[in-house]
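With mmCIF, C-alpha atoms inside, this is query_8.cif:
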```cif
data_target
loop_
_atom_site.label_atom_id
_atom_site.label_comp_id
_atom_site.auth_asym_id
_atom_site.auth_seq_id
_atom_site.Cartn_x
_atom_site.Cartn_y
_atom_site.Cartn_z
CA MET A 1 -21.22 -145.59 -112.77
CA ARG A 2 -19.35 -146.56 -115.97
CA ILE A 3 -15.58 -146.79 -115.57
CA LEU A 4 -12.71 -147.27 -117.99
CA VAL A 5 -9.57 -148.61 -116.32
CA TRP A 6 -6.50 -147.95 -118.46
CA GLY A 7 -3.84 -150.57 -117.81
CA LEU A 8 -4.37 -154.09 -116.47
CA GLY A 9 -1.22 -154.34 -114.44
CA TYR A 10 -1.25 -154.84 -110.71
CA VAL A 11 -3.33 -151.81 -109.72
CA GLY A 12 -5.59 -151.79 -112.76
CA THR A 13 -6.58 -155.44 -112.48
CA VAL A 14 -7.40 -155.17 -108.79
CA VAL A 15 -9.45 -151.97 -109.02
CA SER A 16 -11.32 -153.21 -112.11
CA ALA A 17 -12.53 -156.31 -110.31
CA CYS A 18 -13.27 -154.48 -107.06
CA PHE A 19 -15.22 -151.63 -108.65
CA ALA A 20 -17.28 -154.18 -110.61
CA GLU A 21 -18.03 -155.99 -107.36
CA LEU A 22 -19.27 -152.66 -105.92
CA GLY A 23 -21.83 -152.54 -108.75
CA HIS A 24 -20.12 -150.30 -111.29
CA GLU A 25 -19.78 -151.22 -114.96
CA VAL A 26 -16.08 -151.58 -115.74
CA ILE A 27 -14.08 -152.02 -118.92
CA GLY A 28 -10.35 -152.65 -118.55
CA VAL A 29 -8.19 -151.31 -121.37
CA GLU A 30 -4.94 -153.16 -122.02
CA THR A 31 -2.77 -153.05 -125.16
CA ASN A 32 -1.36 -156.53 -124.52
CA PRO A 33 -3.86 -158.94 -126.17
CA GLU A 34 -2.58 -161.89 -124.14
CA LYS A 35 -3.49 -160.12 -120.89
CA VAL A 36 -6.92 -159.25 -122.28
CA ALA A 37 -7.57 -162.86 -123.24
CA VAL A 38 -6.49 -164.13 -119.83
CA PHE A 39 -8.66 -161.53 -118.08
CA ASN A 40 -11.75 -162.31 -120.17
CA SER A 41 -11.30 -166.02 -119.49
CA GLY A 42 -11.76 -165.35 -115.78
CA ARG A 43 -8.15 -165.45 -114.71
CA SER A 44 -6.07 -162.64 -113.32
CA PRO A 45 -3.00 -161.63 -115.34
CA ILE A 46 -1.23 -160.97 -112.00
CA LYS A 47 -0.91 -163.22 -108.96
CA GLU A 48 -3.06 -161.98 -106.08
CA PRO A 49 -5.14 -164.02 -103.60
CA ASP A 50 -8.88 -164.26 -104.44
CA LEU A 51 -8.57 -162.09 -107.54
CA ASP A 52 -9.51 -164.85 -110.02
CA GLU A 53 -12.81 -165.39 -108.20
CA LEU A 54 -13.56 -161.66 -108.12
CA ILE A 55 -12.93 -161.33 -111.87
CA GLN A 56 -15.15 -164.31 -112.57
CA GLN A 57 -17.96 -162.76 -110.53
CA GLY A 58 -17.71 -159.52 -112.49
CA LEU A 59 -17.70 -161.30 -115.83
CA SER A 60 -20.68 -163.47 -114.89
CA ALA A 61 -22.64 -160.42 -113.73
CA GLY A 62 -21.93 -158.67 -117.02
CA ARG A 63 -20.30 -155.74 -115.29
CA LEU A 64 -16.69 -156.47 -116.22
CA ARG A 65 -14.66 -157.10 -119.36
CA ALA A 66 -11.36 -156.18 -121.00
CA VAL A 67 -10.54 -154.69 -124.41
CA THR A 68 -7.36 -153.79 -126.29
CA SER A 69 -8.50 -150.29 -127.32
CA GLY A 70 -10.43 -147.79 -125.25
CA VAL A 71 -10.92 -144.89 -127.68
CA GLU A 72 -14.37 -145.99 -128.80
CA HIS A 73 -15.52 -146.56 -125.20
CA VAL A 74 -14.73 -143.08 -123.83
CA ALA A 75 -18.12 -141.71 -124.88
CA TRP A 76 -19.75 -144.62 -123.00
CA ALA A 77 -17.91 -144.03 -119.71
CA ASP A 78 -18.32 -141.52 -116.90
CA VAL A 79 -14.80 -141.93 -115.52
CA SER A 80 -11.40 -143.02 -116.80
CA MET A 81 -8.86 -144.34 -114.32
CA ILE A 82 -5.26 -144.27 -115.49
CA CYS A 83 -3.42 -147.15 -113.81
CA VAL A 84 -0.30 -147.52 -115.94
CA GLY A 85 3.25 -147.86 -114.65
CA THR A 86 5.68 -145.00 -114.03
CA PRO A 87 9.02 -146.85 -113.85
CA SER A 88 12.30 -145.15 -113.01
CA ALA A 89 14.73 -143.98 -115.68
CA PRO A 90 18.45 -144.63 -115.07
CA ASP A 91 18.79 -141.19 -113.44
CA GLY A 92 15.88 -141.86 -111.07
CA SER A 93 13.34 -139.71 -112.88
CA PRO A 94 9.94 -141.30 -113.60
CA VAL A 95 9.15 -142.45 -117.13
CA LEU A 96 5.82 -140.90 -118.13
CA ASP A 97 5.55 -142.41 -121.61
CA TYR A 98 2.71 -144.75 -120.61
CA ILE A 99 0.69 -141.89 -119.14
CA GLU A 100 1.15 -139.83 -122.30
CA SER A 101 0.10 -142.79 -124.43
CA VAL A 102 -3.13 -143.15 -122.45
CA ALA A 103 -3.71 -139.38 -122.62
CA ARG A 104 -3.40 -139.57 -126.40
CA GLU A 105 -6.00 -142.35 -126.66
CA LEU A 106 -8.25 -140.70 -124.10
CA GLY A 107 -8.03 -137.40 -125.94
CA LYS A 108 -9.12 -139.03 -129.18
CA GLY A 109 -12.13 -140.49 -127.39
CA LEU A 110 -13.01 -137.21 -125.66
CA ARG A 111 -12.91 -135.42 -129.00
CA LYS A 112 -15.79 -137.61 -130.23
CA SER A 113 -17.85 -137.37 -127.03
CA ASP A 114 -20.29 -134.73 -125.77
CA ARG A 115 -20.47 -136.38 -122.34
CA PHE A 116 -18.69 -134.89 -119.33
CA HIS A 117 -15.96 -137.36 -118.46
CA THR A 118 -13.61 -137.25 -115.46
CA VAL A 119 -10.05 -138.45 -115.93
CA VAL A 120 -8.57 -139.88 -112.73
CA LEU A 121 -4.86 -140.57 -112.39
CA ARG A 122 -4.03 -143.45 -110.04
CA SER A 123 -0.44 -143.91 -111.21
CA THR A 124 2.22 -142.68 -108.80
CA VAL A 125 3.74 -139.39 -109.91
CA PHE A 126 5.64 -136.47 -108.37
CA PRO A 127 3.83 -133.14 -107.76
CA HIS A 128 2.94 -131.01 -110.80
CA VAL A 129 2.92 -133.94 -113.27
CA THR A 130 -0.89 -133.99 -113.37
CA ARG A 131 -1.32 -130.24 -113.84
CA THR A 132 1.66 -129.46 -116.07
CA GLN A 133 1.89 -132.61 -118.19
CA LEU A 134 -1.21 -134.79 -118.09
CA LEU A 135 -3.63 -131.85 -118.33
CA PRO A 136 -1.92 -130.26 -121.38
CA TRP A 137 -1.69 -133.65 -123.08
CA LEU A 138 -5.42 -134.25 -122.59
CA GLU A 139 -6.30 -130.79 -123.89
CA GLN A 140 -3.94 -131.16 -126.82
CA TYR A 141 -5.28 -134.52 -127.97
CA SER A 142 -8.95 -133.84 -127.19
CA ARG A 143 -9.01 -130.20 -128.38
CA LYS A 144 -11.18 -129.52 -125.34
CA THR A 145 -10.81 -127.51 -122.13
CA CYS A 146 -10.15 -129.21 -118.82
CA GLY A 147 -12.62 -128.18 -116.15
CA ALA A 148 -15.27 -127.15 -118.64
CA ASP A 149 -15.44 -130.05 -121.11
CA PHE A 150 -13.94 -132.81 -118.96
CA GLY A 151 -12.83 -133.27 -115.36
CA LEU A 152 -9.47 -134.17 -113.85
CA ALA A 153 -8.47 -135.60 -110.50
CA ILE A 154 -5.84 -137.75 -108.88
CA ASN A 155 -6.72 -140.69 -106.65
CA PRO A 156 -3.56 -142.36 -105.29
CA GLU A 157 -3.85 -146.03 -104.40
CA PHE A 158 -2.64 -147.71 -101.22
CA LEU A 159 -2.77 -151.37 -102.23
CA ARG A 160 -0.24 -153.86 -100.91
CA GLU A 161 0.58 -156.97 -102.86
CA THR A 162 -1.03 -160.12 -101.36
CA THR A 163 -3.60 -158.02 -99.43
CA ALA A 164 -4.74 -155.73 -102.25
CA ILE A 165 -8.41 -156.73 -102.23
CA LYS A 166 -8.68 -156.26 -98.46
CA ASP A 167 -6.88 -152.94 -98.79
CA PHE A 168 -9.33 -151.77 -101.47
CA TYR A 169 -12.38 -152.45 -99.29
CA ALA A 170 -10.78 -151.29 -96.02
CA PRO A 171 -8.28 -148.53 -96.86
CA PRO A 172 -6.82 -146.21 -94.20
CA TYR A 173 -8.42 -143.38 -96.18
CA THR A 174 -9.39 -142.30 -99.68
CA VAL A 175 -7.44 -139.34 -101.05
CA ILE A 176 -8.88 -137.27 -103.89
CA GLY A 177 -6.85 -134.47 -105.41
CA GLU A 178 -9.37 -132.45 -107.37
CA LEU A 179 -8.99 -129.84 -110.07
CA ASP A 180 -12.53 -128.70 -109.29
CA ALA A 181 -15.40 -129.77 -107.01
CA ARG A 182 -17.33 -131.49 -109.81
CA SER A 183 -14.41 -133.77 -110.67
CA GLY A 184 -13.74 -134.53 -107.01
CA GLN A 185 -17.36 -135.38 -106.29
CA GLN A 186 -17.52 -137.79 -109.22
CA VAL A 187 -14.52 -139.68 -107.80
CA ALA A 188 -16.00 -139.62 -104.28
CA ASP A 189 -19.22 -141.16 -105.64
CA LEU A 190 -17.25 -144.17 -106.85
CA TYR A 191 -16.45 -145.12 -103.27
CA GLN A 192 -19.97 -145.27 -101.86
CA GLY A 193 -20.06 -148.32 -99.63
CA ILE A 194 -16.39 -148.07 -98.66
CA GLU A 195 -16.14 -147.09 -95.00
CA ALA A 196 -13.07 -144.89 -94.82
CA PRO A 197 -12.46 -141.17 -94.37
CA ILE A 198 -12.25 -139.20 -97.61
CA TYR A 199 -9.75 -136.37 -97.95
CA ARG A 200 -10.49 -134.01 -100.83
CA ILE A 201 -7.40 -131.88 -101.27
CA GLY A 202 -5.33 -130.13 -103.92
CA ILE A 203 -3.91 -132.08 -106.83
CA GLU A 204 -0.26 -131.52 -105.91
CA GLU A 205 -0.73 -132.56 -102.27
CA ALA A 206 -2.48 -135.74 -103.41
CA GLU A 207 0.36 -136.52 -105.82
CA LEU A 208 2.89 -136.26 -103.00
CA ILE A 209 0.90 -138.31 -100.47
CA LYS A 210 1.64 -141.66 -102.13
CA VAL A 211 5.34 -140.91 -102.57
CA VAL A 212 5.67 -139.72 -98.98
CA ASN A 213 3.79 -142.75 -97.65
CA ASN A 214 6.11 -145.13 -99.46
CA CYS A 215 9.21 -143.25 -98.35
CA PHE A 216 7.97 -143.33 -94.75
CA HIS A 217 7.45 -147.10 -95.00
CA ALA A 218 10.97 -147.45 -96.39
CA LEU A 219 12.32 -145.26 -93.60
CA LYS A 220 10.65 -147.39 -90.93
CA ILE A 221 12.02 -150.59 -92.42
CA GLY A 222 15.48 -149.06 -92.73
CA PHE A 223 15.37 -147.77 -89.16
CA ALA A 224 14.35 -151.15 -87.75
CA ASN A 225 17.06 -152.87 -89.78
CA GLU A 226 19.71 -150.46 -88.50
CA ILE A 227 18.67 -151.22 -84.93
CA GLY A 228 18.95 -154.89 -85.82
CA ARG A 229 22.47 -154.38 -87.14
CA LEU A 230 23.43 -152.59 -83.94
CA CYS A 231 21.95 -155.28 -81.70
CA GLY A 232 23.91 -158.07 -83.41
CA PRO A 233 27.40 -157.34 -82.02
CA LEU A 234 25.82 -156.46 -78.65
CA SER A 235 24.21 -159.94 -78.49
CA LEU A 236 20.82 -158.32 -77.95
CA ASP A 237 17.45 -159.38 -79.33
CA ALA A 238 16.46 -156.60 -81.73
CA ASN A 239 12.87 -157.85 -81.85
CA VAL A 240 12.50 -157.40 -78.10
CA VAL A 241 13.86 -153.87 -78.37
CA MET A 242 11.61 -152.88 -81.28
CA ASP A 243 8.54 -154.57 -79.76
CA ILE A 244 8.92 -152.28 -76.75
CA VAL A 245 9.52 -149.27 -79.02
CA CYS A 246 6.29 -150.05 -80.88
CA ALA A 247 4.37 -150.59 -77.64
CA ASP A 248 4.58 -146.83 -77.02
CA THR A 249 1.58 -145.49 -78.93
CA LYS A 250 1.74 -142.12 -77.16
CA LEU A 251 4.97 -140.95 -78.80
CA ASN A 252 6.56 -143.67 -80.95
CA ILE A 253 3.68 -145.09 -83.01
CA SER A 254 1.55 -141.96 -83.17
CA THR A 255 1.32 -138.54 -84.77
CA ALA A 256 3.80 -137.15 -82.26
CA TYR A 257 6.83 -135.47 -83.87
CA LEU A 258 5.41 -135.98 -87.36
CA HIS A 259 4.53 -132.36 -88.12
CA PRO A 260 7.00 -130.12 -89.99
CA GLY A 261 8.53 -127.47 -87.76
CA PHE A 262 11.81 -126.18 -86.44
CA ALA A 263 14.90 -128.24 -85.65
CA PHE A 264 14.88 -130.41 -82.53
CA GLY A 265 17.15 -129.78 -79.55
CA GLY A 266 17.35 -130.38 -75.82
CA SER A 267 19.51 -132.52 -73.61
CA CYS A 268 18.36 -135.93 -74.90
CA LEU A 269 17.84 -136.29 -78.64
CA PRO A 270 21.16 -134.90 -79.95
CA LYS A 271 23.19 -136.57 -77.20
CA ASP A 272 21.63 -140.00 -77.66
CA LEU A 273 21.97 -139.86 -81.43
CA ARG A 274 25.68 -139.14 -81.06
CA SER A 275 26.06 -141.93 -78.52
CA LEU A 276 24.28 -144.51 -80.63
CA THR A 277 26.11 -143.71 -83.87
CA PHE A 278 29.49 -143.44 -82.11
CA ASN A 279 29.08 -146.82 -80.49
CA ALA A 280 27.82 -148.36 -83.72
CA ARG A 281 31.02 -147.25 -85.47
CA ARG A 282 33.05 -148.60 -82.53
CA LEU A 283 31.33 -151.95 -83.06
CA GLY A 284 32.01 -151.87 -86.79
CA ARG A 285 28.42 -151.17 -87.85
CA THR A 286 27.37 -148.46 -90.30
CA LEU A 287 23.97 -146.83 -89.70
CA PRO A 288 23.54 -144.29 -92.52
CA ILE A 289 19.93 -143.37 -91.70
CA LEU A 290 20.70 -142.51 -88.10
CA GLU A 291 24.01 -140.89 -89.07
CA ALA A 292 22.05 -138.50 -91.30
CA VAL A 293 19.60 -137.28 -88.65
CA LEU A 294 21.80 -134.64 -87.00
CA PRO A 295 23.09 -133.21 -90.32
CA SER A 296 19.47 -133.04 -91.50
CA ASN A 297 18.58 -131.18 -88.31
CA GLU A 298 21.32 -128.64 -89.00
CA LEU A 299 19.84 -128.04 -92.46
CA GLN A 300 16.56 -127.06 -90.79
CA ILE A 301 18.38 -124.30 -88.90
CA GLU A 302 20.05 -123.15 -92.12
CA ALA A 303 16.65 -123.08 -93.86
CA ALA A 304 15.33 -120.79 -91.12
CA ARG A 305 18.34 -118.49 -91.46
CA LEU A 306 17.83 -118.19 -95.22
CA LYS A 307 14.10 -117.51 -94.77
CA ILE A 308 14.92 -114.67 -92.36
CA HIS A 309 17.41 -113.15 -94.81
CA GLU A 310 14.69 -112.97 -97.46
CA TYR A 311 13.44 -109.92 -95.51
CA ASN A 312 16.89 -108.30 -95.63
CA PRO A 313 16.41 -107.24 -91.99
CA ARG A 314 18.54 -104.84 -89.99
CA LYS A 315 16.94 -106.11 -86.79
CA VAL A 316 15.22 -109.41 -85.99
CA ALA A 317 13.02 -110.14 -82.98
CA ILE A 318 13.48 -113.71 -81.74
CA LEU A 319 10.45 -114.94 -79.77
CA GLY A 320 11.51 -118.04 -77.87
CA LEU A 321 14.98 -119.14 -76.75
CA SER A 322 14.64 -122.50 -75.02
CA PHE A 323 14.06 -125.58 -77.14
CA LYS A 324 10.53 -126.20 -75.82
CA THR A 325 7.61 -124.23 -74.40
CA GLY A 326 7.37 -124.27 -70.61
CA THR A 327 11.05 -124.96 -69.90
CA ASP A 328 14.17 -122.84 -69.55
CA ASP A 329 16.40 -125.70 -70.69
CA LEU A 330 18.74 -124.23 -73.30
CA ARG A 331 21.03 -127.17 -73.83
CA GLU A 332 21.42 -127.69 -77.58
CA SER A 333 18.50 -125.39 -78.29
CA PRO A 334 18.51 -124.88 -82.09
CA VAL A 335 17.52 -121.26 -81.46
CA ILE A 336 20.96 -120.61 -79.98
CA SER A 337 22.60 -121.87 -83.17
CA LEU A 338 20.26 -119.69 -85.24
CA ILE A 339 21.03 -116.61 -83.14
CA ARG A 340 24.75 -117.21 -83.38
CA GLN A 341 24.61 -117.51 -87.17
CA LEU A 342 22.48 -114.37 -87.54
CA TRP A 343 24.82 -112.49 -85.21
CA GLU A 344 27.78 -113.53 -87.36
CA ASP A 345 25.84 -112.29 -90.39
CA GLY A 346 25.74 -108.82 -88.80
CA VAL A 347 22.03 -108.80 -87.95
CA GLU A 348 20.92 -106.90 -84.84
CA LEU A 349 18.98 -109.23 -82.52
CA ALA A 350 16.59 -108.89 -79.63
CA VAL A 351 15.32 -111.99 -77.82
CA TYR A 352 12.19 -112.52 -75.73
CA ASP A 353 11.30 -115.69 -73.81
CA PRO A 354 9.15 -115.60 -70.68
CA ASP A 355 10.43 -119.10 -69.80
CA VAL A 356 14.03 -117.90 -69.49
CA GLU A 357 15.12 -115.75 -66.53
CA LEU A 358 18.86 -115.16 -66.45
CA ASP A 359 19.01 -114.34 -62.75
CA ARG A 360 17.42 -117.67 -61.87
CA MET A 361 19.54 -119.90 -64.10
CA VAL A 362 22.19 -122.05 -62.44
CA GLY A 363 24.38 -125.05 -63.16
CA ALA A 364 25.05 -126.66 -66.52
CA ASN A 365 22.16 -124.85 -68.19
CA CYS A 366 23.56 -121.43 -67.26
CA ALA A 367 27.11 -122.42 -68.17
CA TYR A 368 25.97 -123.68 -71.58
CA LEU A 369 24.19 -120.42 -72.38
CA GLU A 370 27.12 -118.25 -71.32
CA ARG A 371 29.49 -120.38 -73.36
CA GLN A 372 27.34 -120.43 -76.50
CA LEU A 373 26.00 -116.85 -76.36
CA PRO A 374 28.24 -114.60 -74.28
CA GLN A 375 26.26 -111.61 -75.59
CA ILE A 376 22.99 -112.93 -74.10
CA PRO A 377 22.75 -110.32 -71.28
CA GLN A 378 22.63 -107.59 -73.93
CA ILE A 379 20.11 -109.17 -76.31
CA LEU A 380 17.67 -111.00 -73.97
CA LYS A 381 14.89 -108.60 -72.97
CA THR A 382 11.97 -108.87 -70.58
CA ASP A 383 9.93 -106.20 -72.38
CA LEU A 384 8.24 -107.55 -75.51
CA ASN A 385 7.66 -104.07 -76.92
CA GLU A 386 11.39 -103.34 -76.67
CA VAL A 387 12.13 -106.54 -78.57
CA LEU A 388 9.71 -105.68 -81.37
CA GLN A 389 10.70 -102.02 -81.61
CA GLY A 390 12.53 -101.36 -84.87
CA ALA A 391 12.46 -104.99 -86.03
CA GLN A 392 11.69 -105.79 -89.66
CA VAL A 393 10.64 -109.36 -88.91
CA ALA A 394 9.88 -111.50 -85.86
CA VAL A 395 10.73 -115.18 -85.57
CA LEU A 396 8.49 -117.43 -83.47
CA THR A 397 10.49 -120.52 -82.51
CA LYS A 398 7.91 -122.19 -80.26
CA ASP A 399 4.34 -121.69 -79.06
CA LEU A 400 4.19 -118.82 -76.56
CA ASN A 401 1.00 -118.21 -74.59
CA GLY A 402 -0.53 -114.98 -73.40
CA LEU A 403 0.88 -112.64 -76.03
CA SER A 404 -1.88 -112.10 -78.60
CA ASP A 405 -3.48 -109.16 -76.78
CA ARG A 406 -0.11 -107.39 -76.58
CA LEU A 407 0.62 -107.58 -80.30
CA HIS A 408 -1.42 -105.27 -82.49
CA ASN A 409 1.04 -104.34 -85.24
CA LYS A 410 1.42 -106.07 -88.60
CA LEU A 411 5.07 -107.00 -88.23
CA PRO A 412 5.54 -110.13 -90.34
CA ILE A 413 6.41 -113.21 -88.34
CA ILE A 414 8.17 -116.37 -89.43
CA ASP A 415 6.52 -119.15 -87.46
CA LEU A 416 9.15 -121.87 -87.28
CA ALA A 417 6.92 -123.99 -85.06
CA HIS A 418 4.36 -124.31 -87.87
CA MET A 419 6.43 -123.52 -90.99
CA THR A 420 4.35 -120.46 -91.91
CA VAL A 421 4.73 -116.72 -92.47
CA THR A 422 1.76 -114.61 -91.31
CA PRO A 423 0.97 -111.43 -89.36
CA VAL A 424 2.31 -111.74 -85.82
CA ALA A 425 -0.92 -111.40 -83.89
CA GLU A 426 -2.66 -114.05 -86.00
CA VAL A 427 0.13 -116.59 -85.49
CA LEU A 428 0.31 -116.15 -81.74
CA SER A 429 -3.47 -116.27 -81.44
CA ARG A 430 -3.49 -119.57 -83.34
CA ALA A 431 -0.71 -120.95 -81.17
CA ILE A 432 -2.78 -120.24 -78.05
CA VAL A 433 -5.82 -122.02 -79.52
CA GLU A 434 -3.72 -125.07 -80.45
CA ASP A 435 -2.24 -125.19 -76.95
CA SER A 436 -5.72 -125.06 -75.42
CA TYR A 437 -6.73 -128.14 -77.44
CA ALA A 438 -3.51 -129.92 -76.47
CA ALA A 439 -4.24 -129.25 -72.80
#
```
Would you write out, as structure tokens, the structure that this file holds?
Amino acid sequence: MRILVWGLGYVGTVVSACFAELGHEVIGVETNPEKVAVFNSGRSPIKEPDLDELIQQGLSAGRLRAVTSGVEHVAWADVSMICVGTPSAPDGSPVLDYIESVARELGKGLRKSDRFHTVVLRSTVFPHVTRTQLLPWLEQYSRKTCGADFGLAINPEFLRETTAIKDFYAPPYTVIGELDARSGQQVADLYQGIEAPIYRIGIEEAELIKVVNNCFHALKIGFANEIGRLCGPLSLDANVVMDIVCADTKLNISTAYLHPGFAFGGSCLPKDLRSLTFNARRLGRTLPILEAVLPSNELQIEAARLKIHEYNPRKVAILGLSFKTGTDDLRESPVISLIRQLWEDGVELAVYDPDVELDRMVGANCAYLERQLPQIPQILKTDLNEVLQGAQVAVLTKDLNGLSDRLHNKLPIIDLAHMTVTPVAEVLSRAIVEDSYAA
């Protein structure tokens, strides 16, 4: 395939050389003539192990070169990859001037071409930039229609400096955000020979993937550093602690707890967060990431409350009271906080949870419930139909098994466990299927 790579910075230089090595014909477009001269002499304009050799191979094979203007080459190419920078403005917003500049040049080239050409954005942007800014720019400057006259996709990169070539040939996955199937397939065809799963998804999801990945990496580094700061005054080896944390691939280094849902609760997580941050302050250490976890958790409860109020309900059916399926442990259950707030808002409530039996509860668990929700004997019901009767909306706070055949109405349900709003029977049926796989 014939590829134009717009921008010979870090990403553009690496992908140009790597795609040429895969057998594609590649022209790198760079407005800086010094970079172009360096590139065409067989040297990389950026420092990266083994990149000089890869560029030299591409040049010798006649599949790689660099130019200062790409307008006249658009009609030659099948694909354009935009690899320009999106630096931060003083207020934190991304500067998109370089993307617009490429769109202008690309548009001029598309205007003179009858060939279907797919534009692929590899630059890191926030959701909706591709659809609401890049697409209109391309249509404006080309005087053509996206989807009919040319294609558009986003293909975020996951290249790390010093290991970029290895990362290109062995990525964790290839993500393609496609405007249409034709555009997405043309991008997928570029990666023949690369053994990695391909995810073809919506444009906006693909835009966010790269940003979220980087923020998650930053979060992990920040978390480990905060543990290191805590271990210092305790005379503990933070590396030993974190090595053991990372050795747990069942919960710690895994997909566990990494799916959006309702707030966490229970007798362990909130208590241990308070203990750790309290003792850190006592030792003179500030841990802002960990200090923010509980306030963030409270915001998740508030988000659920606001979602419920969108239905302007007189009565709400709460399905699930304990913090986790299969237990009657109510200590710090976020559902209790949600119920209390809705009660204070004047909403009538009915609660159903087959895991919770008031006459069998004893000890601290019972005392906690009575203290937090003294009205619980009046609102907790054992009859699901009674709970649903007269409700305008139901709220599913956890996966509850065995209920799908008892729910035949179309009462809308807010599924906090999966962050969705769907008909009640469908949600509970799905929850049962997911639990069967988990088992």
*For the structure shown, which residues end up in the PyMOL selection byres ((chain A and resi 122) around 12)? Put them as number ranges by chain, please?*
A: 5-7, 10-12, 15, 80-86, 99, 119-121, 123-125, 130, 152-159, 174-177, 187, 203, 206-207, 209-210
*On this structure, which residues satisfy the PyMOL selection byres ((chain A and resi 277) around 12), written as an NGL selection string?*
:A and (226-227 or 229-230 or 270-276 or 278-294)
Using the chain letters and numbers from the file, which residues does the PyMOL selection byres ((chain A and resi 338) around 8) grab, as a PDB file with C-alpha atoms, keeping the file's coordinate frame?
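What follows is the written file expr_6.pdb:
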```pdb
ATOM      1  CA  ILE A 301      18.380-124.300 -88.900  1.00  0.00           C
ATOM      2  CA  GLU A 302      20.050-123.150 -92.120  1.00  0.00           C
ATOM      3  CA  ALA A 304      15.330-120.790 -91.120  1.00  0.00           C
ATOM      4  CA  ARG A 305      18.340-118.490 -91.460  1.00  0.00           C
ATOM      5  CA  PRO A 334      18.510-124.880 -82.090  1.00  0.00           C
ATOM      6  CA  VAL A 335      17.520-121.260 -81.460  1.00  0.00           C
ATOM      7  CA  ILE A 336      20.960-120.610 -79.980  1.00  0.00           C
ATOM      8  CA  SER A 337      22.600-121.870 -83.170  1.00  0.00           C
ATOM      9  CA  ILE A 339      21.030-116.610 -83.140  1.00  0.00           C
ATOM     10  CA  ARG A 340      24.750-117.210 -83.380  1.00  0.00           C
ATOM     11  CA  GLN A 341      24.610-117.510 -87.170  1.00  0.00           C
ATOM     12  CA  LEU A 342      22.480-114.370 -87.540  1.00  0.00           C
TER      13      LEU A 342
END
```
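Of the residues under consideration (A:Pro94, A:Pro87, A:Gly58, A:Pro374), A:Gly58 shows the shortest atom-to-atom contact distance to A:Ala17 when counting all atoms listed in the file.
Minimum atom-to-atom distances from A:Leu51, A:Val102, A:Val211, A:Leu190 to A:Met1 were compared using only C-alpha atoms, and the lowest value belongs to A:Leu190.
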_Exercise: A:Val74 partners within 12 Å, all atoms listed in the file, chain neighbours under 2 positions left out, as an MDAnalysis selection string_ = chainID A and resid 2:6 26:29 69:72 76:81 102:103 105:119 142 150
Could stretch 115-126 of chain A be completed with N, CA and C atoms and written as a PDB file, keeping the file's coordinate frame, please?
```
ATOM      1  N   ARG A 115     -20.189-136.052-123.733  1.00  0.00           N
ATOM      2  CA  ARG A 115     -20.470-136.380-122.340  1.00  0.00           C
ATOM      3  C   ARG A 115     -19.347-135.868-121.439  1.00  0.00           C
ATOM      4  N   PHE A 116     -19.715-135.302-120.275  1.00  0.00           N
ATOM      5  CA  PHE A 116     -18.690-134.890-119.330  1.00  0.00           C
ATOM      6  C   PHE A 116     -18.032-136.133-118.753  1.00  0.00           C
ATOM      7  N   HIS A 117     -16.735-136.159-118.795  1.00  0.00           N
ATOM      8  CA  HIS A 117     -15.960-137.360-118.460  1.00  0.00           C
ATOM      9  C   HIS A 117     -14.829-136.930-117.529  1.00  0.00           C
ATOM     10  N   THR A 118     -14.679-137.599-116.403  1.00  0.00           N
ATOM     11  CA  THR A 118     -13.610-137.250-115.460  1.00  0.00           C
ATOM     12  C   THR A 118     -12.452-138.218-115.599  1.00  0.00           C
ATOM     13  N   VAL A 119     -11.278-137.663-115.829  1.00  0.00           N
ATOM     14  CA  VAL A 119     -10.050-138.450-115.930  1.00  0.00           C
ATOM     15  C   VAL A 119      -9.398-138.489-114.543  1.00  0.00           C
ATOM     16  N   VAL A 120      -9.111-139.692-114.073  1.00  0.00           N
ATOM     17  CA  VAL A 120      -8.570-139.880-112.730  1.00  0.00           C
ATOM     18  C   VAL A 120      -7.223-140.590-112.826  1.00  0.00           C
ATOM     19  N   LEU A 121      -6.191-139.953-112.374  1.00  0.00           N
ATOM     20  CA  LEU A 121      -4.860-140.570-112.390  1.00  0.00           C
ATOM     21  C   LEU A 121      -4.630-141.327-111.090  1.00  0.00           C
ATOM     22  N   ARG A 122      -4.361-142.634-111.205  1.00  0.00           N
ATOM     23  CA  ARG A 122      -4.030-143.450-110.040  1.00  0.00           C
ATOM     24  C   ARG A 122      -2.546-143.828-110.039  1.00  0.00           C
ATOM     25  N   SER A 123      -1.874-143.618-111.138  1.00  0.00           N
ATOM     26  CA  SER A 123      -0.440-143.910-111.210  1.00  0.00           C
ATOM     27  C   SER A 123       0.311-142.979-110.266  1.00  0.00           C
ATOM     28  N   THR A 124       1.420-143.471-109.739  1.00  0.00           N
ATOM     29  CA  THR A 124       2.220-142.680-108.800  1.00  0.00           C
ATOM     30  C   THR A 124       3.108-141.717-109.566  1.00  0.00           C
ATOM     31  N   VAL A 125       2.950-140.423-109.254  1.00  0.00           N
ATOM     32  CA  VAL A 125       3.740-139.390-109.910  1.00  0.00           C
ATOM     33  C   VAL A 125       4.183-138.365-108.866  1.00  0.00           C
ATOM     34  N   PHE A 126       5.159-137.542-109.233  1.00  0.00           N
ATOM     35  CA  PHE A 126       5.640-136.470-108.370  1.00  0.00           C
ATOM     36  C   PHE A 126       4.766-135.227-108.599  1.00  0.00           C
TER      37      PHE A 126
END
```
